[in-house]
Amino acid sequence: MRRPFVVIGLGRFGGSVTQELIRQGAEVLAIDRDDAKIEAFREHVTSSVVADATDEKVLKELGVHEYTHVIVAIGNDIEASILTTLLLSELGVPDISVKAQNDYHARVLTKIGADRVLHPERDMGTRLAHNLMSKNIIDYAELSGQLSVMEMTVDEHKCGGTIGALELRRKYHCAVVAVCRNGTFFSSPPMTEVIKKGDILVVLGLTKDVYQLEQAMA
Ligand code: ATP
Ligand code: ATP
Ligand code: CA
């Protein structure tokens, strides 16, 4: 049986991925070439190694190919990030997630076998901008280039009406896929569901359509 997680690079991003995995009770092998980073995490992770992830021999010795998910959180050293990803891909790691520094980096990563490419700074920037555009927009995320999900509230005068009455499907080709009421989510709400004050609607649609809806709410 494969072991679960390897995190390569314990900067702010890789460090928080690691902390959260551990908090959820997962086993994590942490790798960083900086011994101070490894020292800071040593007590918390299942195992940790000071090593250069661009060294194929090292990756093989650590048995990285026996793990299911490897997260490459090397940021500034794009060359090291690409080389590490290539090696992981060649070693047959089934699920490789990589933090990208820019769009060209992202394109290379996808071509050489990254299964998931992350842009934390870009995505947080996008989310903040959407959040500030309208008081009704709570959160926004692009799922892929084409598909987006948005969390929104509705203006007070629309509370008391039904989800169907918003006509999001007809006007914006968007679907309400879940509702958060008093901190609890329920999915696939019926169109007859009456919107209560404070409800958060989770809306899914093509990015261009979600954008139209957002513009209409601003
Ligand atoms: P963050 O924004 O997440 O803090 P960053 O984008 O600024 O990180 P770096 O600080 O350059 O990225 O790299 C993150 C971590 O990856 C560092 O702790 C660094 O030591 C480690 N790292 C960089 N290159 C390698 C490598 N070849 N092998 C192992 N670890 C590496
Ligand atoms: P990110 O991770 O978001 O790419 P960063 O945390 O690595 O950014 P920098 O690249 O150092 O941070 O800075 C971000 C931008 O802010 C740069 O374009 C830089 O030119 C600009 N900047 C830095 N200092 C100032 C300043 N004092 N006034 C105006 N702009 C600044
Ligand atoms: Ca950074």
# chains A, B, ... in the order shown; residues from 1 in each chain; ligands from 1

$ select_by_dssp --residues "segment 43-216 of chain A" --states "helix (DSSP H, G or I)" --output "PyMOL selection string"
chain A and resi 56-61+64-66+78-90+103-111+120-133+156-158+164-166+168-172+207-216

$ closest_atom_pairs --of "chain A" --to "ligand 3" --cutoff "10 Å" --atoms "only C-alpha atoms and all ligand atoms" --output "CSV"
residue,atom,partner,partner_atom_place_in_ligand_line,distance
A:Gly11,CA,ligand 3,1 (Ca),8.5
A:Arg12,CA,ligand 3,1 (Ca),8.1
A:Phe13,CA,ligand 3,1 (Ca),8.5
A:Ile74,CA,ligand 3,1 (Ca),9.6
A:Gly75,CA,ligand 3,1 (Ca),6.3
A:Asn76,CA,ligand 3,1 (Ca),6.8
A:Gln101,CA,ligand 3,1 (Ca),8.0
A:Pro120,CA,ligand 3,1 (Ca),9.2
A:Glu121,CA,ligand 3,1 (Ca),7.7

$ closest_residue --among "A:Cys159, A:Val176, A:Ala216, A:Ala26" --to "Asp199 of chain A" --atoms "only C-alpha atoms"
A:Cys159

$ closest_residue --among "A:Thr46, A:Asn102, A:Ser16, A:Ser148" --to "ligand 2" --atoms "only C-alpha atoms and all ligand atoms"
A:Asn102

$ closest_atom_pairs --of "segment 87-173 of chain A" --to "segment 184-191 of chain A" --cutoff "7 Å" --atoms "only C-alpha atoms" --output "Markdown table"
| residue | atom | partner | partner_atom | distance |
| --- | --- | --- | --- | --- |
| A:Thr162 | CA | A:Met191 | CA | 6.6 |
| A:Ile163 | CA | A:Met191 | CA | 5.1 |
| A:Gly164 | CA | A:Met191 | CA | 4.4 |

$ write_last_selection --atoms "C-alpha atoms" --output "PDB file, in the first residue's frame"
ATOM      1  CA  THR A 162     -37.375  31.911  -3.423  1.00  0.00           C
ATOM      2  CA  ILE A 163     -34.091  30.879  -5.022  1.00  0.00           C
ATOM      3  CA  GLY A 164     -36.022  30.274  -8.232  1.00  0.00           C
TER       4      GLY A 164
END

$ residues_around --residues "Asp123 of chain A" --least-positions-apart "3" --cutoff "12 Å" --atoms "only C-alpha atoms" --output "MDAnalysis selection string"
chainID A and resid 99:102 117:120 126:130 139:144

$ select_by_dssp --residues "segment 68-136 of chain A" --states "strand (DSSP E)" --output "list in words"
Thr68, His69, Val70, Ile71, Val72, Asp95, Ile96, Ser97, Val98, Lys99, Arg116, Val117 and Leu118 of chain A

$ write_last_selection --atoms "C-alpha atoms" --output "mmCIF file, in the first residue's frame"
data_model
loop_
_atom_site.group_PDB
_atom_site.id
_atom_site.type_symbol
_atom_site.label_atom_id
_atom_site.label_comp_id
_atom_site.auth_asym_id
_atom_site.auth_seq_id
_atom_site.Cartn_x
_atom_site.Cartn_y
_atom_site.Cartn_z
ATOM 1 C CA THR A 68 0.466 8.818 -3.461
ATOM 2 C CA HIS A 69 0.552 12.629 -3.214
ATOM 3 C CA VAL A 70 3.626 14.770 -3.534
ATOM 4 C CA ILE A 71 3.369 18.540 -3.075
ATOM 5 C CA VAL A 72 6.201 20.585 -4.592
ATOM 6 C CA ASP A 95 -0.611 12.718 -7.867
ATOM 7 C CA ILE A 96 1.753 15.681 -8.101
ATOM 8 C CA SER A 97 0.738 19.177 -6.931
ATOM 9 C CA VAL A 98 3.075 22.073 -7.637
ATOM 10 C CA LYS A 99 3.134 25.715 -6.657
ATOM 11 C CA ARG A 116 -2.408 20.177 -10.084
ATOM 12 C CA VAL A 117 -0.765 23.560 -10.488
ATOM 13 C CA LEU A 118 -1.338 26.123 -7.742
#

$ residues_near_ligand --ligand "ligand 1" --cutoff "10 Å" --atoms "only C-alpha atoms and all ligand atoms" --output "VMD selection string"
chain A and resid 7 to 17 30 to 38 49 to 55 72 to 84 99 to 101 120 to 121

$ atom_distance --atom1 "atom CA of Leu201 of chain A" --atom2 "atom CA of Leu147 of chain A"
16.6 Å

$ residues_around --residues "segment 58-67 of chain A" --least-positions-apart "3" --cutoff "6 Å" --atoms "only C-alpha atoms" --output "list in words"
Arg2, Arg3, Pro4, Asp55, Leu91 and Val93 of chain A

$ closest_residue --among "A:Ile137, A:Lys208, A:Asp115, A:Val154" --to "Gly92 of chain A" --atoms "only C-alpha atoms"
A:Asp115

$ atom_distance --atom1 "atom 9 (P, counted along the ligand's line) of ligand 2" --atom2 "atom CA of His105 of chain A"
17.6 Å

$ closest_residue --among "A:Leu168, A:Gly125, A:Lys158, A:Gly25" --to "ligand 2" --atoms "only C-alpha atoms and all ligand atoms"
A:Gly125

$ closest_residue --among "A:Thr207, A:Met133, A:Val177, A:Asn182" --to "Gly145 of chain A" --atoms "only C-alpha atoms"
A:Thr207

$ closest_residue --among "A:Ser134, A:Glu167, A:Ser47, A:Ala175" --to "Gln215 of chain A" --atoms "only C-alpha atoms"
A:Ser134
